[in-house]
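Here is the file entry-v6.cif (mmCIF, C-alpha atoms).
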```
data_protein
loop_
_atom_site.label_atom_id
_atom_site.label_comp_id
_atom_site.auth_asym_id
_atom_site.auth_seq_id
_atom_site.Cartn_x
_atom_site.Cartn_y
_atom_site.Cartn_z
CA MET A 46 31.20 -16.16 242.34
CA GLY A 47 33.87 -16.42 245.09
CA GLU A 48 36.25 -18.27 242.75
CA GLY A 49 35.91 -15.56 240.09
CA ALA A 50 36.67 -12.83 242.62
CA SER A 51 39.76 -14.68 243.90
CA SER A 52 41.08 -15.29 240.33
CA SER A 53 40.63 -11.63 239.43
CA SER A 54 42.53 -10.55 242.56
CA LYS A 55 45.41 -12.87 241.64
CA LYS A 56 45.61 -11.26 238.17
CA SER A 57 45.72 -7.74 239.54
CA ARG A 58 48.28 -5.56 237.78
CA LYS A 59 48.55 -3.10 240.61
CA PRO A 60 52.28 -2.60 241.44
CA ASP A 61 53.64 -3.09 244.91
CA TYR A 62 53.68 0.08 246.93
CA SER A 63 57.02 1.78 247.42
CA ARG A 64 58.02 5.38 247.96
CA PHE A 65 60.15 5.22 244.81
CA THR A 66 57.33 4.12 242.47
CA GLN A 67 54.95 6.63 244.03
CA GLN A 68 57.54 9.43 243.79
CA GLU A 69 57.47 10.09 247.52
CA LEU A 70 61.22 10.08 248.16
CA PRO A 71 62.72 13.14 249.88
CA ALA A 72 63.45 15.86 247.33
CA CYS A 73 64.54 19.47 247.19
CA LYS A 74 61.47 21.60 246.62
CA PRO A 75 62.66 25.21 246.62
CA ILE A 76 60.22 28.09 246.89
CA LEU A 77 60.99 30.67 244.17
CA THR A 78 60.67 34.00 245.90
CA PRO A 79 61.14 37.24 243.91
CA GLN A 80 64.54 37.76 245.51
CA TRP A 81 65.77 34.36 244.36
CA VAL A 82 64.41 34.76 240.81
CA VAL A 83 65.88 38.24 240.36
CA THR A 84 69.24 37.08 241.75
CA VAL A 85 69.39 34.15 239.32
CA PHE A 86 68.56 36.32 236.28
CA ILE A 87 71.11 38.97 237.28
CA PHE A 88 73.77 36.29 237.79
CA LEU A 89 73.10 34.80 234.35
CA GLY A 90 73.27 38.23 232.73
CA ILE A 91 76.55 39.08 234.48
CA VAL A 92 78.08 35.76 233.35
CA PHE A 93 76.74 35.60 229.79
CA ILE A 94 77.44 39.18 228.65
CA PRO A 95 81.24 39.06 229.28
CA ILE A 96 81.42 35.67 227.57
CA GLY A 97 79.58 37.12 224.57
CA LEU A 98 81.89 40.13 224.40
CA ALA A 99 84.97 37.90 224.63
CA SER A 100 83.61 35.63 221.88
CA LEU A 101 82.88 38.56 219.56
CA SER A 102 86.32 40.02 220.25
CA ALA A 103 88.00 36.70 219.40
CA SER A 104 85.92 36.37 216.24
CA GLU A 105 86.88 39.87 215.10
CA LYS A 106 90.58 39.01 215.46
CA VAL A 107 90.23 36.26 212.86
CA VAL A 108 91.54 37.35 209.46
CA GLU A 109 89.63 35.73 206.62
CA ILE A 110 89.77 35.92 202.83
CA VAL A 111 86.80 34.51 200.90
CA HIS A 112 87.05 34.51 197.12
CA ARG A 113 84.38 33.06 194.85
CA TYR A 114 85.98 31.85 191.63
CA ASP A 115 83.48 29.62 189.79
CA GLU A 116 82.09 32.52 187.74
CA HIS A 117 85.50 33.94 186.78
CA CYS A 118 87.08 30.57 185.98
CA ALA A 119 84.46 29.43 183.45
CA PRO A 120 84.63 31.64 180.35
CA THR A 121 81.39 32.32 178.55
CA ASN A 122 80.60 34.06 175.30
CA TYR A 123 77.05 34.88 176.30
CA THR A 124 75.50 37.64 178.37
CA GLN A 125 72.10 36.00 178.74
CA PRO A 126 71.92 33.85 181.93
CA ASP A 127 70.32 30.80 180.29
CA LEU A 128 72.87 30.66 177.48
CA ALA A 129 75.78 31.30 179.89
CA TYR A 130 74.51 28.42 182.06
CA HIS A 131 74.73 25.89 179.23
CA ASP A 132 78.04 27.34 178.05
CA ARG A 133 79.65 26.80 181.46
CA ILE A 134 78.37 23.24 181.67
CA ALA A 135 79.82 22.47 178.24
CA PHE A 136 83.13 23.99 179.32
CA ILE A 137 83.45 22.02 182.58
CA ARG A 138 82.49 18.73 180.89
CA ASN A 139 85.05 19.05 178.09
CA ASN A 140 88.19 17.30 179.33
CA LYS A 141 90.24 18.61 176.41
CA LEU A 142 89.96 22.25 177.48
CA ASN A 143 92.47 23.92 179.77
CA LYS A 144 90.83 24.51 183.16
CA THR A 145 93.67 26.59 184.61
CA CYS A 146 92.53 29.85 186.18
CA ILE A 147 94.74 32.50 187.80
CA ARG A 148 93.34 34.78 190.50
CA THR A 149 94.95 37.38 192.75
CA LEU A 150 94.12 37.77 196.45
CA THR A 151 95.12 40.71 198.64
CA VAL A 152 95.82 40.11 202.31
CA PRO A 153 93.74 42.65 204.31
CA LYS A 154 95.67 42.28 207.59
CA LYS A 155 98.67 40.34 208.78
CA MET A 156 97.84 36.66 208.94
CA LYS A 157 99.85 34.59 211.39
CA HIS A 158 100.42 30.91 210.68
CA PRO A 159 98.96 28.40 210.60
CA ILE A 160 96.66 29.75 207.89
CA TYR A 161 93.95 27.27 207.00
CA VAL A 162 92.95 26.83 203.36
CA TYR A 163 89.36 25.70 202.75
CA TYR A 164 87.15 25.18 199.75
CA GLN A 165 83.56 26.28 200.21
CA LEU A 166 80.59 24.91 198.29
CA ASN A 167 77.12 26.46 198.17
CA ASN A 168 73.89 24.73 197.21
CA PHE A 169 75.45 21.27 197.61
CA TYR A 170 73.18 19.02 199.69
CA GLN A 171 75.51 16.46 201.21
CA ASN A 172 72.83 15.82 203.83
CA HIS A 173 70.44 14.22 201.31
CA ARG A 174 69.31 10.87 202.71
CA ARG A 175 70.11 8.87 199.60
CA TYR A 176 73.52 10.51 199.29
CA VAL A 177 74.50 10.05 202.95
CA LYS A 178 73.67 6.33 202.87
CA SER A 179 75.63 5.71 199.66
CA ARG A 180 78.83 4.34 201.23
CA ASN A 181 80.16 1.21 202.91
CA ASP A 182 82.32 1.83 205.95
CA GLU A 183 83.28 -1.82 206.35
CA GLN A 184 84.71 -1.89 202.83
CA LEU A 185 86.91 1.13 203.66
CA ARG A 186 88.24 -0.59 206.76
CA ASP A 187 88.53 -4.31 205.96
CA PRO A 188 90.71 -5.54 203.05
CA ASN A 189 88.90 -8.91 203.13
CA PHE A 190 85.40 -7.46 202.83
CA LYS A 191 83.21 -9.56 200.50
CA GLY A 192 79.74 -8.24 201.33
CA ASP A 193 76.96 -7.03 199.05
CA LEU A 194 77.62 -3.47 197.88
CA LYS A 195 74.42 -3.03 195.89
CA LYS A 196 72.29 -2.36 198.99
CA THR A 197 74.33 0.66 200.05
CA CYS A 198 76.47 1.81 197.13
CA ALA A 199 74.42 1.37 193.95
CA PRO A 200 74.81 2.61 191.26
CA GLU A 201 78.52 3.13 192.05
CA ASP A 202 79.04 -0.37 193.44
CA MET A 203 80.55 -2.50 190.67
CA ASN A 204 82.63 -2.02 187.55
CA GLY A 205 81.70 -5.07 185.56
CA ASN A 206 82.28 -7.98 187.94
CA GLU A 207 84.80 -6.12 190.08
CA PRO A 208 83.90 -4.04 193.15
CA VAL A 209 84.53 -0.32 193.18
CA ILE A 210 86.74 0.75 196.10
CA PRO A 211 85.64 3.14 197.55
CA CYS A 212 82.07 2.63 196.48
CA GLY A 213 79.07 4.95 196.71
CA LEU A 214 78.00 8.38 195.54
CA ILE A 215 79.89 10.32 198.22
CA ALA A 216 83.29 9.03 197.13
CA TRP A 217 82.26 9.20 193.46
CA SER A 218 81.59 12.96 193.78
CA LEU A 219 84.98 13.71 195.38
CA PHE A 220 86.00 17.36 195.08
CA ASN A 221 88.94 17.72 192.69
CA ASP A 222 89.77 21.40 192.23
CA THR A 223 93.40 22.16 193.09
CA TYR A 224 95.13 25.34 194.27
CA GLY A 225 98.70 26.58 193.99
CA PHE A 226 99.91 29.73 195.77
CA SER A 227 102.81 32.08 195.13
CA ILE A 228 103.96 35.55 196.24
CA LYS A 229 106.14 37.56 193.85
CA ASP A 230 106.77 34.45 191.75
CA LYS A 231 107.96 32.54 194.82
CA GLY A 232 106.01 29.41 195.60
CA LEU A 233 104.02 29.28 198.82
CA PRO A 234 103.90 25.65 199.99
CA ILE A 235 100.70 24.11 201.34
CA ASN A 236 100.84 21.34 203.93
CA ARG A 237 98.28 18.72 202.86
CA LYS A 238 99.06 16.36 205.76
CA ASN A 239 96.99 15.94 208.93
CA ILE A 240 93.90 17.62 207.50
CA SER A 241 91.52 14.79 208.45
CA TRP A 242 90.42 13.64 211.88
CA PRO A 243 92.99 11.33 213.58
CA SER A 244 90.16 9.00 214.62
CA ASP A 245 89.12 8.63 210.96
CA LYS A 246 92.65 7.75 209.85
CA LYS A 247 93.13 5.24 212.66
CA HIS A 248 89.76 3.52 212.90
CA LYS A 249 87.65 4.14 209.76
CA PHE A 250 90.14 3.67 206.92
CA GLY A 251 92.31 0.59 206.62
CA SER A 252 96.02 0.74 205.98
CA LYS A 253 95.75 -2.38 203.78
CA VAL A 254 92.78 -1.21 201.70
CA PHE A 255 93.66 0.39 198.35
CA PRO A 256 91.46 2.12 195.75
CA LYS A 257 90.36 -0.13 192.92
CA ASN A 258 88.22 0.48 189.81
CA PHE A 259 87.48 3.97 191.11
CA GLN A 260 86.18 6.49 188.51
CA LYS A 261 86.56 3.83 185.80
CA GLY A 262 82.92 3.88 184.72
CA SER A 263 81.29 5.70 181.83
CA LEU A 264 80.28 8.68 183.98
CA ILE A 265 83.00 10.42 186.01
CA GLY A 266 81.76 12.21 189.09
CA GLY A 267 84.81 13.91 190.60
CA GLY A 268 88.45 13.34 191.43
CA ALA A 269 90.45 10.14 190.97
CA LEU A 270 92.56 8.39 193.61
CA ASN A 271 96.10 7.03 193.49
CA GLU A 272 95.72 3.25 193.66
CA SER A 273 99.16 2.82 195.28
CA ILE A 274 98.20 4.86 198.37
CA PRO A 275 96.16 3.08 201.09
CA MET A 276 92.83 4.48 202.24
CA SER A 277 94.31 5.46 205.62
CA GLU A 278 96.50 8.02 203.81
CA GLN A 279 93.88 9.36 201.39
CA GLU A 280 93.17 12.42 203.52
CA ASP A 281 91.31 14.37 200.82
CA LEU A 282 88.83 11.51 200.61
CA GLN A 283 88.54 11.23 204.39
CA VAL A 284 87.68 14.92 204.67
CA TRP A 285 85.12 14.65 201.86
CA LEU A 286 83.45 11.56 203.29
CA ARG A 287 82.63 13.39 206.53
CA THR A 288 79.42 14.80 205.08
CA ALA A 289 78.16 18.28 205.91
CA ALA A 290 74.82 19.00 207.59
CA LEU A 291 74.03 22.18 205.64
CA PRO A 292 74.04 23.04 201.91
CA VAL A 293 76.75 25.68 202.49
CA PHE A 294 79.90 24.15 203.93
CA ARG A 295 83.68 24.38 204.06
CA LYS A 296 86.19 21.57 204.01
CA LEU A 297 89.86 21.76 204.86
CA TYR A 298 92.23 21.65 201.87
CA GLY A 299 95.53 22.32 203.62
CA LYS A 300 97.56 24.69 205.78
CA ILE A 301 99.99 27.50 204.98
CA GLU A 302 102.70 27.51 207.62
CA HIS A 303 104.12 30.96 206.90
CA ASP A 304 102.94 34.40 208.01
CA LEU A 305 101.36 36.64 205.39
CA GLU A 306 101.89 40.39 205.66
CA ALA A 307 99.19 43.00 205.14
CA ASN A 308 98.59 44.17 201.54
CA GLU A 309 100.59 41.30 200.07
CA ASN A 310 99.25 39.98 196.76
CA ILE A 311 98.88 36.22 196.52
CA THR A 312 98.72 34.64 193.08
CA VAL A 313 96.49 31.57 193.07
CA VAL A 314 96.60 29.05 190.23
CA ILE A 315 93.30 27.15 190.26
CA GLN A 316 92.51 24.00 188.33
CA ASN A 317 88.77 24.45 187.89
CA ASN A 318 87.75 20.79 187.47
CA TYR A 319 84.74 20.31 189.74
CA ASN A 320 81.31 20.69 188.17
CA THR A 321 79.01 22.84 190.30
CA TYR A 322 77.39 24.53 187.30
CA THR A 323 74.90 21.75 186.67
CA PHE A 324 73.11 22.36 189.98
CA GLU A 325 73.88 26.13 190.03
CA GLY A 326 76.29 25.77 192.94
CA LYS A 327 79.07 28.13 193.95
CA LYS A 328 82.74 27.51 194.67
CA SER A 329 84.90 29.70 196.89
CA LEU A 330 88.46 29.63 198.15
CA VAL A 331 88.86 30.56 201.82
CA LEU A 332 92.01 31.50 203.72
CA SER A 333 91.51 31.93 207.45
CA THR A 334 93.40 32.24 210.71
CA THR A 335 92.00 30.98 214.02
CA THR A 336 91.75 32.06 217.65
CA TRP A 337 90.74 30.24 220.83
CA ILE A 338 87.14 30.27 219.59
CA GLY A 339 88.07 28.79 216.20
CA GLY A 340 87.31 30.54 212.90
CA LYS A 341 85.24 33.65 212.29
CA ASN A 342 81.83 33.07 213.85
CA LYS A 343 79.78 35.89 215.35
CA PHE A 344 76.79 33.72 216.18
CA LEU A 345 78.11 32.40 219.50
CA GLY A 346 78.96 35.87 220.80
CA ILE A 347 75.64 37.34 219.66
CA ALA A 348 73.77 34.42 221.26
CA TYR A 349 75.49 34.95 224.63
CA LEU A 350 74.86 38.70 224.49
CA THR A 351 71.22 38.18 223.57
CA VAL A 352 70.55 35.70 226.37
CA GLY A 353 72.45 37.83 228.89
CA GLY A 354 70.57 40.96 227.85
CA ILE A 355 67.22 39.19 228.10
CA CYS A 356 68.09 37.94 231.59
CA LEU A 357 68.97 41.43 232.79
CA PHE A 358 65.85 42.87 231.19
CA VAL A 359 63.63 40.28 232.87
CA ALA A 360 65.38 40.92 236.20
CA ILE A 361 64.65 44.66 235.91
CA ILE A 362 60.99 43.97 235.04
CA PHE A 363 60.62 41.69 238.08
CA ILE A 364 62.23 44.30 240.35
CA LEU A 365 59.85 47.02 239.10
CA MET A 366 56.84 44.74 239.53
CA TYR A 367 57.97 43.81 243.04
CA VAL A 368 58.52 47.47 244.04
CA ILE A 369 55.50 49.05 242.33
CA LYS A 370 52.90 46.36 242.90
CA PRO A 371 54.08 43.80 245.48
CA ARG A 372 52.02 40.71 246.23
CA PRO A 373 51.67 39.11 249.67
CA PHE A 374 53.36 35.75 250.13
CA GLY A 375 51.50 32.64 251.13
CA ASP A 376 52.43 30.62 254.17
CA PRO A 377 54.71 27.69 253.16
CA ALA A 378 53.30 25.70 256.06
CA TYR A 379 50.17 25.08 253.98
CA LEU A 380 52.04 23.35 251.14
CA SER A 381 51.01 19.75 250.66
CA TRP A 382 54.40 18.26 251.49
CA ASN A 383 54.53 20.27 254.70
CA LEU A 384 51.03 19.25 255.74
CA ASN A 385 51.80 15.57 255.12
CA PRO A 386 55.60 15.16 255.22
CA SER A 387 55.50 11.35 255.49
CA GLY A 388 53.81 11.07 252.07
CA ASN A 389 51.36 8.42 253.33
#
```
Translate the structure of the given file into structure tokens.
Amino acid sequence: MGEGASSSSKKSRKPDYSRFTQQELPACKPILTPQWVVTVFIFLGIVFIPIGLASLSASEKVVEIVHRYDEHCAPTNYTQPDLAYHDRIAFIRNNKLNKTCIRTLTVPKKMKHPIYVYYQLNNFYQNHRRYVKSRNDEQLRDPNFKGDLKKTCAPEDMNGNEPVIPCGLIAWSLFNDTYGFSIKDKGLPINRKNISWPSDKKHKFGSKVFPKNFQKGSLIGGGALNESIPMSEQEDLQVWLRTAALPVFRKLYGKIEHDLEANENITVVIQNNYNTYTFEGKKSLVLSTTTWIGGKNKFLGIAYLTVGGICLFVAIIFILMYVIKPRPFGDPAYLSWNLNPSGN
């Protein structure tokens, strides 16, 4: 019996006592009195509300033009929605038809350069798990990559016995609409350089990796790539491969480095190549300036104003409760850590 008791004591899993393991180290244990709570809420309200107003003001200064063109750039001979749907799909899939579309945009206010040109897609789920995983980052970076592409890139992994570079569904569905701008028959150049993240160009895409067998299969998904340009300089692809988290997203197409005056008419020549009609998606062209807060986004300002307003409202409620119906305070000397400060 004695041996059993001694063996059980040796196998005890009780940890050694220390003030750290027992959470008895000295710590700040503030007492939240009404004065402190009201002061904190008022301080947060005073800080958050001006930030919200400044954010909304900066967002309002952004000049933005959003023009949806997918409906206007796909002619249809039908008025019924179901027939028009099939007519547009037949149009976009026919490579022999002219996809050129001319639209006119009016500048609402003066737009100072740089003016960012985006394409916006709606109802396109780049965040789908199967879609996001359909790529091989090592292949994009290493010219000597010989790994198995089927695990990550199928069905866009091989063209016969040759690997597809870049492989995967993301690259295969590369956006390929193009835009040309002019004002009064004078061309408006677009800078297509430096539109991707510098870290992507430097670390994720190799300067000695070139496209190969891309869009050479029986089913073409999107745009083609110039096989003489290395992956580190394929900035359209780099922007597209940074997948979006939401089904409505914008991606940078280029920059206009000239000011646009108010009420100027911009002629846009669009090559409507990208098929969004199959999944009832939308395509829009966006021209936008920026401020210190970025593009037009009212959410941040509204969020700051909402939180600041709630803090001030709660502070007023606490003040009224404290004045109308005060409660007596307890004696802090009776708190457990004051009765037994050593913690033993």
Subject >> Minimum-distance residue to A:Lys261, chosen among A:Val85, A:Leu291, A:Cys212, A:Leu305 (using all atoms listed in the file) >> reply: A:Cys212
Per residue of stretch 59-109 of chain A within 10 Å of stretch 354-362 of chain A, note the shortest atom pair and the distance in Å to one decimal, counting all atoms listed in the file, and order the rows by chain and increasing residue number, as a Markdown table.
```
| residue | atom | partner | partner_atom | distance |
| --- | --- | --- | --- | --- |
| A:Pro79 | CA | A:Ala360 | CA | 9.5 |
| A:Gln80 | CA | A:Ala360 | CA | 9.9 |
| A:Val82 | CA | A:Ala360 | CA | 7.8 |
| A:Val83 | CA | A:Ala360 | CA | 5.0 |
| A:Thr84 | CA | A:Ala360 | CA | 7.8 |
| A:Val85 | CA | A:Ala360 | CA | 8.5 |
| A:Phe86 | CA | A:Cys356 | CA | 5.0 |
| A:Ile87 | CA | A:Leu357 | CA | 5.5 |
| A:Phe88 | CA | A:Cys356 | CA | 8.6 |
| A:Leu89 | CA | A:Cys356 | CA | 6.5 |
| A:Gly90 | CA | A:Cys356 | CA | 5.3 |
| A:Ile91 | CA | A:Leu357 | CA | 8.1 |
| A:Phe93 | CA | A:Gly354 | CA | 8.4 |
| A:Ile94 | CA | A:Gly354 | CA | 7.1 |
```
Subject >> Residue with smallest distance to A:Asp202 - pool A:Ala216, A:Val107, A:Leu345, A:Ala378, counting only C-alpha atoms >> reply: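 The closest residue to A:Asp202 is A:Ala216.
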**OP:** Could you tell me which residues the PyMOL selection byres ((chain A and resi 295) around 8) grabs in this file, written as a PyMOL selection string?
**Re:** chain A and resi 163-166+293-294+296-297
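Our summary of the geometry notes that atom CA of A:Gln279 is positioned 16.2 Å from atom CA of A:Glu183.
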Could you tell me which residues the PyMOL selection byres ((chain A and resi 186-196) around 12) returns for this structure, as a PDB file with C-alpha atoms, in the coordinates of the input?
```pdb
ATOM      1  CA  ARG A 175      70.110   8.870 199.600  1.00  0.00           C
ATOM      2  CA  LYS A 178      73.670   6.330 202.870  1.00  0.00           C
ATOM      3  CA  SER A 179      75.630   5.710 199.660  1.00  0.00           C
ATOM      4  CA  ARG A 180      78.830   4.340 201.230  1.00  0.00           C
ATOM      5  CA  ASN A 181      80.160   1.210 202.910  1.00  0.00           C
ATOM      6  CA  ASP A 182      82.320   1.830 205.950  1.00  0.00           C
ATOM      7  CA  GLU A 183      83.280  -1.820 206.350  1.00  0.00           C
ATOM      8  CA  GLN A 184      84.710  -1.890 202.830  1.00  0.00           C
ATOM      9  CA  LEU A 185      86.910   1.130 203.660  1.00  0.00           C
ATOM     10  CA  THR A 197      74.330   0.660 200.050  1.00  0.00           C
ATOM     11  CA  CYS A 198      76.470   1.810 197.130  1.00  0.00           C
ATOM     12  CA  ALA A 199      74.420   1.370 193.950  1.00  0.00           C
ATOM     13  CA  PRO A 200      74.810   2.610 191.260  1.00  0.00           C
ATOM     14  CA  GLU A 201      78.520   3.130 192.050  1.00  0.00           C
ATOM     15  CA  ASP A 202      79.040  -0.370 193.440  1.00  0.00           C
ATOM     16  CA  MET A 203      80.550  -2.500 190.670  1.00  0.00           C
ATOM     17  CA  ASN A 204      82.630  -2.020 187.550  1.00  0.00           C
ATOM     18  CA  ASN A 206      82.280  -7.980 187.940  1.00  0.00           C
ATOM     19  CA  GLU A 207      84.800  -6.120 190.080  1.00  0.00           C
ATOM     20  CA  PRO A 208      83.900  -4.040 193.150  1.00  0.00           C
ATOM     21  CA  VAL A 209      84.530  -0.320 193.180  1.00  0.00           C
ATOM     22  CA  ILE A 210      86.740   0.750 196.100  1.00  0.00           C
ATOM     23  CA  PRO A 211      85.640   3.140 197.550  1.00  0.00           C
ATOM     24  CA  CYS A 212      82.070   2.630 196.480  1.00  0.00           C
ATOM     25  CA  GLY A 213      79.070   4.950 196.710  1.00  0.00           C
ATOM     26  CA  LEU A 214      78.000   8.380 195.540  1.00  0.00           C
ATOM     27  CA  ASP A 245      89.120   8.630 210.960  1.00  0.00           C
ATOM     28  CA  LYS A 246      92.650   7.750 209.850  1.00  0.00           C
ATOM     29  CA  LYS A 247      93.130   5.240 212.660  1.00  0.00           C
ATOM     30  CA  HIS A 248      89.760   3.520 212.900  1.00  0.00           C
ATOM     31  CA  LYS A 249      87.650   4.140 209.760  1.00  0.00           C
ATOM     32  CA  PHE A 250      90.140   3.670 206.920  1.00  0.00           C
ATOM     33  CA  GLY A 251      92.310   0.590 206.620  1.00  0.00           C
ATOM     34  CA  SER A 252      96.020   0.740 205.980  1.00  0.00           C
ATOM     35  CA  LYS A 253      95.750  -2.380 203.780  1.00  0.00           C
ATOM     36  CA  VAL A 254      92.780  -1.210 201.700  1.00  0.00           C
ATOM     37  CA  PHE A 255      93.660   0.390 198.350  1.00  0.00           C
ATOM     38  CA  PRO A 256      91.460   2.120 195.750  1.00  0.00           C
ATOM     39  CA  LYS A 257      90.360  -0.130 192.920  1.00  0.00           C
ATOM     40  CA  PRO A 275      96.160   3.080 201.090  1.00  0.00           C
ATOM     41  CA  MET A 276      92.830   4.480 202.240  1.00  0.00           C
ATOM     42  CA  SER A 277      94.310   5.460 205.620  1.00  0.00           C
TER      43      SER A 277
END
```
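Counting from atom CA of A:Lys341, the distance to atom CA of A:Glu105 is 7.0 Å.
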**OP:** Name the residues that the PyMOL selection byres ((chain A and resi 239) around 10) picks from the file above, as an MDAnalysis selection string, using the file's chain letters and numbers.
**Re:** chainID A and resid 236:238 240:243 246 278 280 299:300
**OP:** Tell me which protein, DNA and RNA residues are within 9 Å of A:Asn172, counting all atoms listed in the file, leaving out same-chain ones fewer than 6 positions away, and put them as a ChimeraX atom specification.
**Re:** /A:288-292
Original post:
Hey, which of A:Ser329, A:Arg138, A:Ile369, A:Ile228 ends up closest to A:Leu264? Count all atoms listed in the file.
Top reply: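 Comparing A:Ser329, A:Arg138, A:Ile369, A:Ile228 against A:Leu264, the winner is A:Arg138.
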Subject >> Of the listed residues A:Val352, A:Cys146, A:Val331, A:Leu70, that which approaches A:Val92 most closely, counting all atoms listed in the file >> reply: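 The closest residue to A:Val92 is A:Val352.
Atom pair atom CA of A:Tyr130 / atom CA of A:Leu282 has a distance of 28.9 Å (rounded to one decimal).
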